[in-house]
Structures are given as structure tokens and as C-alpha cells.
file entry.cif (mmCIF, C-alpha atoms (C1' of nucleotides))
data_model
loop_
_atom_site.label_atom_id
_atom_site.label_comp_id
_atom_site.auth_asym_id
_atom_site.auth_seq_id
_atom_site.Cartn_x
_atom_site.Cartn_y
_atom_site.Cartn_z
CA MET A 5 -43.49 -18.56 18.15
CA PHE A 6 -41.41 -20.98 16.09
CA HIS A 7 -41.81 -18.67 13.17
CA VAL A 8 -40.22 -15.80 15.10
CA MET A 9 -37.43 -18.03 16.40
CA PHE A 10 -36.63 -19.27 12.92
CA GLN A 11 -36.69 -15.75 11.57
CA ASN A 12 -34.22 -14.55 14.23
CA VAL A 13 -31.82 -17.42 13.64
CA PHE A 14 -32.02 -16.85 9.92
CA LYS A 15 -31.46 -13.14 10.37
CA CYS A 16 -28.42 -13.80 12.53
CA ILE A 17 -26.77 -16.22 10.14
CA PHE A 18 -27.38 -14.37 6.92
CA SER A 19 -27.80 -10.79 8.17
CA MET A 20 -31.03 -10.43 6.24
CA LYS A 21 -32.63 -7.02 6.19
CA ARG A 22 -36.25 -6.28 5.36
CA ARG A 23 -36.83 -2.99 3.60
CA SER A 24 -39.89 -0.79 4.02
CA ASP A 25 -41.28 -1.99 0.67
CA GLY A 26 -41.19 -5.58 1.93
CA THR A 27 -38.28 -6.81 -0.18
CA VAL A 28 -35.37 -8.49 1.55
CA VAL A 29 -31.72 -7.57 1.16
CA ALA A 30 -29.20 -10.35 1.77
CA LEU A 31 -25.79 -9.34 3.04
CA THR A 32 -22.55 -11.19 3.60
CA PRO A 33 -23.35 -14.29 5.69
CA GLY A 34 -22.51 -14.21 9.39
CA ARG A 35 -21.91 -10.50 9.79
CA GLN A 36 -24.32 -8.18 11.54
CA ARG A 37 -25.15 -4.92 9.83
CA LEU A 38 -25.29 -1.85 12.09
CA SER A 39 -28.89 -0.67 12.29
CA ASP A 40 -31.06 2.27 13.35
CA GLU A 41 -30.45 1.60 17.06
CA PHE A 42 -26.73 2.13 16.56
CA PHE A 43 -26.97 5.45 14.74
CA ASN A 44 -29.92 6.90 16.67
CA ARG A 45 -27.68 7.79 19.61
CA PRO A 46 -25.66 10.88 20.55
CA CYS A 47 -23.03 11.89 17.99
CA LEU A 48 -20.22 11.35 20.48
CA GLN A 49 -21.21 7.75 21.18
CA VAL A 50 -21.63 6.93 17.51
CA ALA A 51 -18.21 8.42 16.70
CA VAL A 52 -16.39 6.47 19.42
CA ASP A 53 -18.27 3.22 18.81
CA LEU A 54 -17.63 3.31 15.06
CA LEU A 55 -13.91 2.83 15.78
CA GLY A 56 -13.01 -0.76 14.94
CA LYS A 57 -16.25 -1.39 13.03
CA THR A 58 -16.12 -2.52 9.42
CA LEU A 59 -17.14 -0.28 6.52
CA VAL A 60 -18.21 -2.28 3.48
CA ARG A 61 -18.59 -0.93 -0.05
CA LYS A 62 -20.16 -2.98 -2.82
CA LEU A 63 -18.99 -2.02 -6.32
CA GLU A 64 -20.95 -2.23 -9.56
CA ASP A 65 -19.29 -5.51 -10.50
CA GLY A 66 -20.49 -7.02 -7.21
CA SER A 67 -17.08 -7.13 -5.54
CA LEU A 68 -16.66 -5.94 -1.95
CA LEU A 69 -14.22 -3.52 -0.38
CA ARG A 70 -13.83 -3.74 3.38
CA CYS A 71 -11.96 -1.63 5.88
CA LYS A 72 -11.70 -1.09 9.61
CA ILE A 73 -12.61 2.39 10.81
CA VAL A 74 -9.72 3.89 12.80
CA GLU A 75 -10.46 7.64 13.02
CA THR A 76 -13.67 9.68 13.34
CA GLU A 77 -14.80 13.21 14.15
CA CYS A 78 -18.00 14.59 15.66
CA TYR A 79 -19.95 17.46 14.15
CA LEU A 80 -22.50 18.06 16.85
CA GLY A 81 -25.21 19.83 14.87
CA VAL A 82 -26.91 23.23 15.08
CA THR A 83 -25.04 24.24 18.28
CA ASP A 84 -21.55 23.44 16.88
CA LYS A 85 -19.77 26.42 15.31
CA ALA A 86 -17.61 24.14 13.15
CA CYS A 87 -20.62 22.26 11.79
CA HIS A 88 -22.22 22.90 8.40
CA THR A 89 -25.61 23.13 10.12
CA PHE A 90 -24.56 25.65 12.79
CA GLY A 91 -27.38 27.98 13.79
CA GLY A 92 -29.91 25.81 12.01
CA ARG A 93 -28.58 26.71 8.56
CA ARG A 94 -30.30 24.71 5.84
CA THR A 95 -29.01 24.44 2.29
CA GLU A 96 -29.40 21.91 -0.47
CA LYS A 97 -25.91 20.63 0.32
CA ASN A 98 -26.28 20.03 4.06
CA ALA A 99 -29.80 18.55 3.90
CA PRO A 100 -28.66 14.96 4.65
CA MET A 101 -27.33 16.08 8.04
CA TYR A 102 -30.95 16.67 9.08
CA MET A 103 -32.12 13.30 7.82
CA LYS A 104 -32.70 10.08 9.77
CA PRO A 105 -29.73 8.95 11.87
CA GLY A 106 -27.71 6.59 9.67
CA THR A 107 -28.01 8.72 6.53
CA SER A 108 -24.86 9.43 4.48
CA TYR A 109 -23.70 13.01 3.95
CA VAL A 110 -21.11 13.17 1.16
CA TYR A 111 -19.98 16.61 0.11
CA PHE A 112 -17.44 18.10 -2.29
CA THR A 113 -14.67 20.36 -1.00
CA TYR A 114 -11.50 22.20 -2.10
CA GLY A 115 -12.62 21.84 -5.70
CA MET A 116 -11.32 18.26 -5.83
CA TYR A 117 -12.22 16.11 -2.87
CA HIS A 118 -15.07 14.44 -1.05
CA CYS A 119 -15.78 13.88 2.64
CA PHE A 120 -18.05 11.11 3.94
CA ASN A 121 -20.20 11.51 7.05
CA ILE A 122 -23.09 9.65 8.64
CA SER A 123 -25.87 11.47 10.46
CA SER A 124 -26.56 10.86 14.14
CA GLN A 125 -29.18 11.69 16.77
CA GLU A 126 -28.87 15.44 17.47
CA GLU A 127 -30.46 17.79 14.93
CA GLY A 128 -28.00 18.45 12.10
CA SER A 129 -25.26 16.24 13.59
CA ALA A 130 -22.98 13.76 11.83
CA VAL A 131 -19.80 11.73 12.24
CA LEU A 132 -17.00 12.36 9.74
CA LEU A 133 -15.06 9.24 8.76
CA ARG A 134 -11.44 10.35 8.65
CA ALA A 135 -9.44 7.16 8.22
CA ALA A 136 -9.65 3.40 7.81
CA GLU A 137 -7.41 0.36 7.52
CA PRO A 138 -7.89 -1.78 4.38
CA LEU A 139 -9.06 -5.35 5.07
CA GLU A 140 -10.25 -6.65 1.69
CA GLY A 141 -10.02 -5.42 -1.90
CA GLU A 142 -6.76 -3.59 -1.37
CA ASP A 143 -5.75 -3.95 -5.01
CA THR A 144 -8.94 -2.25 -6.15
CA MET A 145 -8.44 0.52 -3.60
CA GLN A 146 -4.95 1.01 -5.05
CA LEU A 147 -6.42 1.34 -8.55
CA HIS A 148 -9.04 3.82 -7.34
CA ARG A 149 -6.40 5.95 -5.65
CA GLN A 150 -4.16 5.92 -8.69
CA ALA A 151 -7.04 6.83 -10.97
CA SER A 152 -7.61 9.93 -8.82
CA GLN A 153 -4.00 11.09 -9.11
CA ARG A 154 -3.36 14.22 -11.11
CA SER A 155 0.41 13.88 -11.51
CA ALA A 156 1.60 12.13 -14.67
CA LYS A 157 3.75 9.53 -12.93
CA GLU A 158 1.91 6.59 -11.47
CA LYS A 159 2.76 6.26 -7.83
CA SER A 160 1.78 3.24 -5.76
CA TYR A 161 0.63 3.59 -2.19
CA LYS A 162 1.50 1.55 0.85
CA THR A 163 -1.43 -0.20 2.54
CA HIS A 164 -1.66 2.31 5.36
CA GLU A 165 -1.63 5.21 2.87
CA LEU A 166 -4.73 4.08 0.98
CA CYS A 167 -7.40 5.39 3.40
CA ASN A 168 -5.49 7.55 5.91
CA GLY A 169 -7.51 10.71 5.38
CA PRO A 170 -11.17 11.62 4.78
CA SER A 171 -10.81 12.25 1.04
CA LYS A 172 -8.36 9.39 0.50
CA LEU A 173 -10.94 7.07 2.07
CA CYS A 174 -13.54 8.37 -0.40
CA MET A 175 -11.22 7.87 -3.38
CA ALA A 176 -10.21 4.34 -2.31
CA LEU A 177 -13.83 3.23 -1.79
CA ALA A 178 -15.28 5.12 -4.79
CA ILE A 179 -17.47 7.31 -2.62
CA ASP A 180 -18.76 10.51 -4.23
CA ARG A 181 -21.71 12.86 -3.87
CA PHE A 182 -23.39 11.67 -7.07
CA THR A 183 -23.63 8.00 -6.11
CA CYS A 184 -23.40 7.88 -2.30
CA ASN A 185 -25.05 10.99 -0.83
CA ALA A 186 -28.23 10.95 1.28
CA LYS A 187 -28.46 7.14 1.43
CA ASP A 188 -29.89 5.25 4.41
CA LEU A 189 -26.84 3.18 5.33
CA THR A 190 -28.90 0.83 7.48
CA LEU A 191 -30.63 -0.36 4.31
CA TRP A 192 -28.68 0.70 1.20
CA PRO A 193 -27.34 -2.35 -0.69
CA GLU A 194 -24.18 -0.61 -1.94
CA MET A 195 -22.59 0.45 1.34
CA TRP A 196 -23.03 -0.41 5.01
CA PHE A 197 -21.34 -0.86 8.40
CA GLU A 198 -20.79 -4.17 10.17
CA GLU A 199 -20.32 -5.23 13.75
CA ALA A 200 -16.74 -6.25 14.60
CA PRO A 201 -14.83 -7.38 17.68
CA LYS A 202 -13.89 -4.59 20.06
CA PRO A 203 -10.57 -3.14 18.81
CA GLU A 204 -7.35 -4.02 20.64
CA GLU A 205 -6.10 -0.44 20.54
CA SER A 206 -6.92 2.28 23.09
CA VAL A 207 -8.94 5.27 21.92
CA VAL A 208 -7.13 8.62 21.72
CA THR A 209 -9.20 11.81 22.01
CA SER A 210 -7.93 14.91 20.20
CA THR A 211 -9.04 18.09 18.43
CA ARG A 212 -10.68 18.21 15.01
CA VAL A 213 -8.63 18.82 11.87
CA GLY A 214 -8.97 21.53 9.21
CA ILE A 215 -11.29 23.95 11.00
CA ASP A 216 -8.78 26.77 11.55
CA SER A 217 -11.24 29.58 10.88
CA VAL A 218 -13.55 28.51 13.70
CA GLU A 219 -13.31 30.41 16.99
CA LYS A 220 -11.09 28.84 19.63
CA GLU A 221 -13.80 27.57 21.94
CA TRP A 222 -15.15 25.25 19.28
CA ARG A 223 -11.93 24.67 17.35
CA LEU A 224 -10.25 23.12 20.41
CA LYS A 225 -13.03 20.85 21.61
CA PRO A 226 -11.95 17.19 21.96
CA LEU A 227 -14.15 15.76 19.20
CA ARG A 228 -11.74 13.63 17.17
CA PHE A 229 -11.15 9.99 18.05
CA TYR A 230 -8.64 7.46 16.77
CA LEU A 231 -7.07 4.12 17.60
CA LEU A 232 -3.70 4.44 19.32
CA GLY A 233 -0.78 3.10 17.29
CA ASN A 234 -2.77 2.26 14.18
CA LYS A 235 -0.74 3.04 11.04
CA SER A 236 -3.76 4.20 9.03
CA VAL A 237 -4.56 7.17 11.29
CA SER A 238 -4.25 10.47 9.38
CA LYS A 239 -2.82 12.70 12.08
CA ARG A 240 -1.38 11.73 15.45
CA ASP A 241 -1.49 13.81 18.62
CA LYS A 242 1.67 13.09 20.63
CA LEU A 243 0.52 15.13 23.61
CA GLN A 244 -2.72 13.19 23.99
CA GLU A 245 -1.01 9.86 23.30
CA GLY A 246 1.37 10.58 26.16
CA ALA A 247 -1.60 10.78 28.51
CA ILE A 248 -2.90 7.32 27.58
CA THR A 249 -1.93 4.76 30.20
CA SER A 250 -3.40 1.50 28.94
"C1'" DA B 5 8.87 15.31 11.54
"C1'" DG B 6 6.92 19.69 10.68
"C1'" DA B 7 5.81 23.96 7.97
"C1'" DC B 8 4.34 25.78 3.84
"C1'" DT B 9 1.98 26.13 -0.68
"C1'" DG B 10 -0.47 25.38 -5.10
"C1'" DA B 11 -4.19 22.96 -7.18
"C1'" DT B 12 -9.15 23.50 -8.33
"C1'" DA B 13 -14.41 24.22 -8.67
"C1'" DA B 14 -18.85 23.71 -6.23
"C1'" DT B 15 -21.36 26.18 -3.00
"C1'" DC B 16 -22.86 30.01 -0.50
"C1'" DT B 17 -23.20 35.15 0.40
"C1'" DG C 17 -16.19 37.22 -4.96
"C1'" DA C 18 -14.84 34.41 -0.88
"C1'" DT C 19 -14.50 30.18 1.23
"C1'" DT C 20 -13.26 25.42 1.70
"C1'" DA C 21 -14.26 19.22 7.66
"C1'" DT C 22 -7.80 18.08 1.74
"C1'" DC C 23 -3.79 16.20 -0.61
"C1'" DA C 24 0.74 15.89 -2.47
"C1'" DG C 25 4.85 17.88 -3.23
"C1'" DT C 26 8.78 20.76 -1.56
"C1'" DC C 27 11.70 22.84 1.64
"C1'" DT C 28 13.97 23.04 6.20
"C1'" DG C 29 16.29 21.29 10.12
#

call {"tool": "encode", "arguments": {"input": "entry.cif", "output": "C-alpha cells"}}
result
Amino acid sequence: MFHVMFQNVFKCIFSMKRRSDGTVVALTPGRQRLSDEFFNRPCLQVAVDLLGKTLVRKLEDGSLLRCKIVETECYLGVTDKACHTFGGRRTEKNAPMYMKPGTSYVYFTYGMYHCFNISSQEEGSAVLLRAAEPLEGEDTMQLHRQASQRSAKEKSYKTHELCNGPSKLCMALAIDRFTCNAKDLTLWPEMWFEEAPKPEESVVTSTRVGIDSVEKEWRLKPLRFYLLGNKSVSKRDKLQEGAITS
DNA sequence: AGACTGATAATCT
DNA sequence: GATTATCAGTCTG
């Protein structure tokens, strides 16, 4: 009785997490890590509810990068024609999309870039993280972005330019398929999501980006979500924003 | 602000 | 051999 009470208080204050092997992972004090219950829900709910939450990345030197998620997209799984798992397709690359809700799916695209997703409840489904607002470790994010530049001149980015796109977010947070793919983000010590106050901004619903070759029915589905007015959003939809009243 | 284009290589067919 | 859930630069108005 008292043991359980103590354990719960302790867990709340220090956000302790017990792994399957019995060891305990200590996180930043006072912040609640998003767990299985959060990710084991329909893709749509996970995508919308991730807006405003904090993404935390722990680097090799122990330092933390933090950002507020401001834009997400749903990939609904085997029924979704724009999804890598459409029709039940299974390859070595898309395997993490079939794994436990809360598993990272980081893949390489356009010969240069990465995209970062997290699996959700439906078979083969995942939420693509498209944009975030830097909260902590901005200088390091700047260095990461500059290190990924191919032009000779060193350009510096404004705060809202550091993570305003799916591959920019990966560069800024040092997320790649070699180090971050197929990880259980409810337990992995090097990256996780944290609870945060409900965002001030309204949620805008729009169409997904970069899926031009998909047939219209699926290309035009309202499966992208972002926070109205936030400077770190990658692509705004004036038409949809005009329909928002609050 | 929006349209267009080149870069670049893993992955799949 | 074709495709790609992108980015950064350039051009146009």
C-alpha cells in the first residue's frame, strides 16, 4: 500500500521508467514521458495530440535538445495509398511501421535526407513529425544544421528555420536511420516525448505534403495538422486558416 | 509569396 | 532503371 504510493509519487517527480529487464531509466525531473497508452491509439488522435508536446533528444555528450512539436502528418497504414505499408507491403525499410505503437521509423529519402515517424495503433500506421519549435539547445541545433549544409558558405539560420520541415528537424536533432531507427520511444534513453501544457494555438487541418504521385482520393485527405500562427510550421494553408474561427 | 529546378543515393521493381 | 513523405537556391511578379 505505502510502497505503491511511494513508488507513484517517486515516479511522478522523477519520471522514472522501469524497463523490461528490470533496470530503471531516470529522466529529467518533473516531466512526464509519453508512454504506451499515448501511442497505442488511432493514428489520427496521436497526430493531433502530439501537437504542443515536447520532443527531447539526448546527445552523446549527455546534453539535451528540446523542441515543441508544431506540425504532424498521419500515414494510416495498409489501407492508405500514400503510406509505405499500403496493401500490406513489407520490406526491410518499412518494418518499424509494423512494430509496437511508439516505435521510431526513420528512413532515408531523396538521396540526402531523413524523415522521422512514430508508429501508432493501426497496422502499418505512423505519424510523421514535420516541424518543431526549438526550446533548448538552439546553438547545437544551429551547428547540426550548418554541418549538414552542402554549400561552401556558412549560412546561419533563424530560430524558426531550424526545424521547420521533416528533414530539417532530423538534421537539427541529429536523427538518422543508423542511430535512431526502430527504437521504442517509450523506453529509449536517447530520445523521448514529454507531456506539456495544451498549446495556446488552434489546430489547422490540411492536406499532406510531397505525395503528388498518389491518386487524388488519398492525396487530398485532411491528414496534416499544425498549430495556427506558429512560425516554425513548414507550409501554411491560407484557405484552411481562413475557416478557423477561434 | 509562389513556381521551378538541381542535387544525390538508398531502396525497390 | 525508376522513384523519392525534401531542401535551398533562383527566377518571376

call {"tool": "interface_residues", "arguments": {"input": "entry.cif", "of": "chain A", "to": "chain B", "cutoff": "8 Å", "atoms": "all atoms listed in the file", "output": "MDAnalysis selection string"}}
result
chainID A and resid 97 112:116

call {"tool": "closest_atom_pairs", "arguments": {"input": "entry.cif", "of": "chain A", "to": "chain C", "cutoff": "10 Å", "atoms": "all atoms listed in the file", "output": "tab-separated table"}}
result
residue	atom	partner	partner_atom	distance
A:Glu77	CA	C:DA21	C1'	8.9
A:Cys78	CA	C:DA21	C1'	10.0
A:Tyr79	CA	C:DA21	C1'	8.8
A:Ala86	CA	C:DA21	C1'	8.1
A:Cys87	CA	C:DA21	C1'	8.2
A:His88	CA	C:DA21	C1'	8.8
A:Tyr111	CA	C:DA21	C1'	9.8
A:Phe112	CA	C:DT20	C1'	9.3
A:Thr113	CA	C:DT20	C1'	5.9
A:Tyr114	CA	C:DT20	C1'	5.3
A:Gly115	CA	C:DT20	C1'	8.2
A:Met116	CA	C:DT22	C1'	8.4
A:Tyr117	CA	C:DT22	C1'	6.7
A:His118	CA	C:DT22	C1'	8.6
A:Cys119	CA	C:DA21	C1'	7.5
A:Phe120	CA	C:DA21	C1'	9.7
A:Asn121	CA	C:DA21	C1'	9.8
A:Leu132	CA	C:DA21	C1'	7.7
A:Arg134	CA	C:DA21	C1'	9.4
A:Gln153	CA	C:DA24	C1'	9.5
A:Arg154	CA	C:DA24	C1'	9.7
A:Ser155	CA	C:DA24	C1'	9.3
A:Gly169	CA	C:DT22	C1'	8.2
A:Pro170	CA	C:DT22	C1'	7.9
A:Ser171	CA	C:DT22	C1'	6.6
A:Lys172	CA	C:DC23	C1'	8.3
A:Arg212	CA	C:DA21	C1'	8.2
A:Val213	CA	C:DA21	C1'	7.0
A:Gly214	CA	C:DA21	C1'	6.0
A:Ile215	CA	C:DA21	C1'	6.5

call {"tool": "residues_around", "arguments": {"input": "entry.cif", "residues": "Thr83 of chain A", "least_positions_apart": "5", "cutoff": "12 Å", "atoms": "all atoms listed in the file", "output": "list in words"}}
result
His88, Thr89, Phe90, Gly91, Gly92, Arg93, Glu126, Glu127, Gly128, Ser129 and Trp222 of chain A

call {"tool": "atom_distance", "arguments": {"input": "entry.cif", "atom1": "atom CA of Met101 of chain A", "atom2": "atom CA of Ser123 of chain A"}}
result
5.4 Å

call {"tool": "atom_distance", "arguments": {"input": "entry.cif", "atom1": "atom CA of Ala176 of chain A", "atom2": "atom CA of Gln146 of chain A"}}
result
6.8 Å

call {"tool": "atom_distance", "arguments": {"input": "entry.cif", "atom1": "atom CA of Pro201 of chain A", "atom2": "atom CA of Leu55 of chain A"}}
result
10.4 Å

call {"tool": "resolve_selection", "arguments": {"input": "entry.cif", "expression": "the PyMOL selection byres ((chain A and resi 143) around 12)", "output": "PyMOL selection string"}}
result
chain A and resi 67-70+138-142+144-150+160-163+166+176-177

call {"tool": "build_atoms", "arguments": {"input": "entry.cif", "residues": "segment 173-200 of chain A", "atoms": "N, CA and C atoms", "output": "PDB file, in the coordinates of the input"}}
result
ATOM      1  N   LEU A 173      -9.972   8.139   1.815  1.00  0.00           N
ATOM      2  CA  LEU A 173     -10.940   7.070   2.070  1.00  0.00           C
ATOM      3  C   LEU A 173     -12.024   7.075   0.987  1.00  0.00           C
ATOM      4  N   CYS A 174     -12.504   8.263   0.635  1.00  0.00           N
ATOM      5  CA  CYS A 174     -13.540   8.370  -0.400  1.00  0.00           C
ATOM      6  C   CYS A 174     -13.032   7.899  -1.757  1.00  0.00           C
ATOM      7  N   MET A 175     -11.799   8.296  -2.095  1.00  0.00           N
ATOM      8  CA  MET A 175     -11.220   7.870  -3.380  1.00  0.00           C
ATOM      9  C   MET A 175     -11.061   6.359  -3.417  1.00  0.00           C
ATOM     10  N   ALA A 176     -10.502   5.780  -2.349  1.00  0.00           N
ATOM     11  CA  ALA A 176     -10.210   4.340  -2.310  1.00  0.00           C
ATOM     12  C   ALA A 176     -11.487   3.518  -2.424  1.00  0.00           C
ATOM     13  N   LEU A 177     -12.575   4.002  -1.807  1.00  0.00           N
ATOM     14  CA  LEU A 177     -13.830   3.230  -1.790  1.00  0.00           C
ATOM     15  C   LEU A 177     -14.826   3.699  -2.853  1.00  0.00           C
ATOM     16  N   ALA A 178     -14.391   4.611  -3.727  1.00  0.00           N
ATOM     17  CA  ALA A 178     -15.280   5.120  -4.790  1.00  0.00           C
ATOM     18  C   ALA A 178     -16.548   5.730  -4.211  1.00  0.00           C
ATOM     19  N   ILE A 179     -16.346   6.617  -3.241  1.00  0.00           N
ATOM     20  CA  ILE A 179     -17.470   7.310  -2.620  1.00  0.00           C
ATOM     21  C   ILE A 179     -17.513   8.742  -3.141  1.00  0.00           C
ATOM     22  N   ASP A 180     -18.608   9.130  -3.764  1.00  0.00           N
ATOM     23  CA  ASP A 180     -18.760  10.510  -4.230  1.00  0.00           C
ATOM     24  C   ASP A 180     -20.192  10.977  -4.020  1.00  0.00           C
ATOM     25  N   ARG A 181     -20.405  12.281  -4.187  1.00  0.00           N
ATOM     26  CA  ARG A 181     -21.710  12.860  -3.870  1.00  0.00           C
ATOM     27  C   ARG A 181     -22.786  12.453  -4.864  1.00  0.00           C
ATOM     28  N   PHE A 182     -22.394  12.057  -6.067  1.00  0.00           N
ATOM     29  CA  PHE A 182     -23.390  11.670  -7.070  1.00  0.00           C
ATOM     30  C   PHE A 182     -23.987  10.305  -6.763  1.00  0.00           C
ATOM     31  N   THR A 183     -23.140   9.369  -6.303  1.00  0.00           N
ATOM     32  CA  THR A 183     -23.630   8.000  -6.110  1.00  0.00           C
ATOM     33  C   THR A 183     -23.936   7.654  -4.646  1.00  0.00           C
ATOM     34  N   CYS A 184     -23.330   8.358  -3.688  1.00  0.00           N
ATOM     35  CA  CYS A 184     -23.400   7.880  -2.300  1.00  0.00           C
ATOM     36  C   CYS A 184     -24.042   8.852  -1.310  1.00  0.00           C
ATOM     37  N   ASN A 185     -24.517   9.996  -1.762  1.00  0.00           N
ATOM     38  CA  ASN A 185     -25.050  10.990  -0.830  1.00  0.00           C
ATOM     39  C   ASN A 185     -26.503  10.693  -0.447  1.00  0.00           C
ATOM     40  N   ALA A 186     -26.847  11.029   0.786  1.00  0.00           N
ATOM     41  CA  ALA A 186     -28.230  10.950   1.280  1.00  0.00           C
ATOM     42  C   ALA A 186     -28.825   9.542   1.213  1.00  0.00           C
ATOM     43  N   LYS A 187     -27.991   8.532   1.426  1.00  0.00           N
ATOM     44  CA  LYS A 187     -28.460   7.140   1.430  1.00  0.00           C
ATOM     45  C   LYS A 187     -28.661   6.688   2.887  1.00  0.00           C
ATOM     46  N   ASP A 188     -29.672   5.866   3.098  1.00  0.00           N
ATOM     47  CA  ASP A 188     -29.890   5.250   4.410  1.00  0.00           C
ATOM     48  C   ASP A 188     -28.949   4.052   4.523  1.00  0.00           C
ATOM     49  N   LEU A 189     -27.881   4.219   5.287  1.00  0.00           N
ATOM     50  CA  LEU A 189     -26.840   3.180   5.330  1.00  0.00           C
ATOM     51  C   LEU A 189     -27.227   1.989   6.199  1.00  0.00           C
ATOM     52  N   THR A 190     -28.412   2.021   6.801  1.00  0.00           N
ATOM     53  CA  THR A 190     -28.900   0.830   7.480  1.00  0.00           C
ATOM     54  C   THR A 190     -29.630  -0.101   6.504  1.00  0.00           C
ATOM     55  N   LEU A 191     -29.888   0.425   5.299  1.00  0.00           N
ATOM     56  CA  LEU A 191     -30.630  -0.360   4.310  1.00  0.00           C
ATOM     57  C   LEU A 191     -29.992  -0.406   2.922  1.00  0.00           C
ATOM     58  N   TRP A 192     -29.205   0.583   2.566  1.00  0.00           N
ATOM     59  CA  TRP A 192     -28.680   0.700   1.200  1.00  0.00           C
ATOM     60  C   TRP A 192     -27.834  -0.515   0.829  1.00  0.00           C
ATOM     61  N   PRO A 193     -28.074  -1.128  -0.320  1.00  0.00           N
ATOM     62  CA  PRO A 193     -27.340  -2.350  -0.690  1.00  0.00           C
ATOM     63  C   PRO A 193     -25.901  -2.104  -1.113  1.00  0.00           C
ATOM     64  N   GLU A 194     -25.516  -0.863  -1.372  1.00  0.00           N
ATOM     65  CA  GLU A 194     -24.180  -0.610  -1.940  1.00  0.00           C
ATOM     66  C   GLU A 194     -23.131  -0.159  -0.924  1.00  0.00           C
ATOM     67  N   MET A 195     -23.569   0.121   0.291  1.00  0.00           N
ATOM     68  CA  MET A 195     -22.590   0.450   1.340  1.00  0.00           C
ATOM     69  C   MET A 195     -23.246   0.292   2.703  1.00  0.00           C
ATOM     70  N   TRP A 196     -22.476  -0.231   3.669  1.00  0.00           N
ATOM     71  CA  TRP A 196     -23.030  -0.410   5.010  1.00  0.00           C
ATOM     72  C   TRP A 196     -21.896  -0.580   6.038  1.00  0.00           C
ATOM     73  N   PHE A 197     -22.287  -0.633   7.305  1.00  0.00           N
ATOM     74  CA  PHE A 197     -21.340  -0.860   8.400  1.00  0.00           C
ATOM     75  C   PHE A 197     -21.651  -2.203   9.034  1.00  0.00           C
ATOM     76  N   GLU A 198     -20.600  -2.870   9.529  1.00  0.00           N
ATOM     77  CA  GLU A 198     -20.790  -4.170  10.170  1.00  0.00           C
ATOM     78  C   GLU A 198     -20.181  -4.193  11.561  1.00  0.00           C
ATOM     79  N   GLU A 199     -20.841  -4.962  12.418  1.00  0.00           N
ATOM     80  CA  GLU A 199     -20.320  -5.230  13.750  1.00  0.00           C
ATOM     81  C   GLU A 199     -18.944  -5.886  13.620  1.00  0.00           C
ATOM     82  N   ALA A 200     -18.079  -5.646  14.595  1.00  0.00           N
ATOM     83  CA  ALA A 200     -16.740  -6.250  14.600  1.00  0.00           C
ATOM     84  C   ALA A 200     -16.299  -6.377  16.046  1.00  0.00           C
TER      85      ALA A 200
END
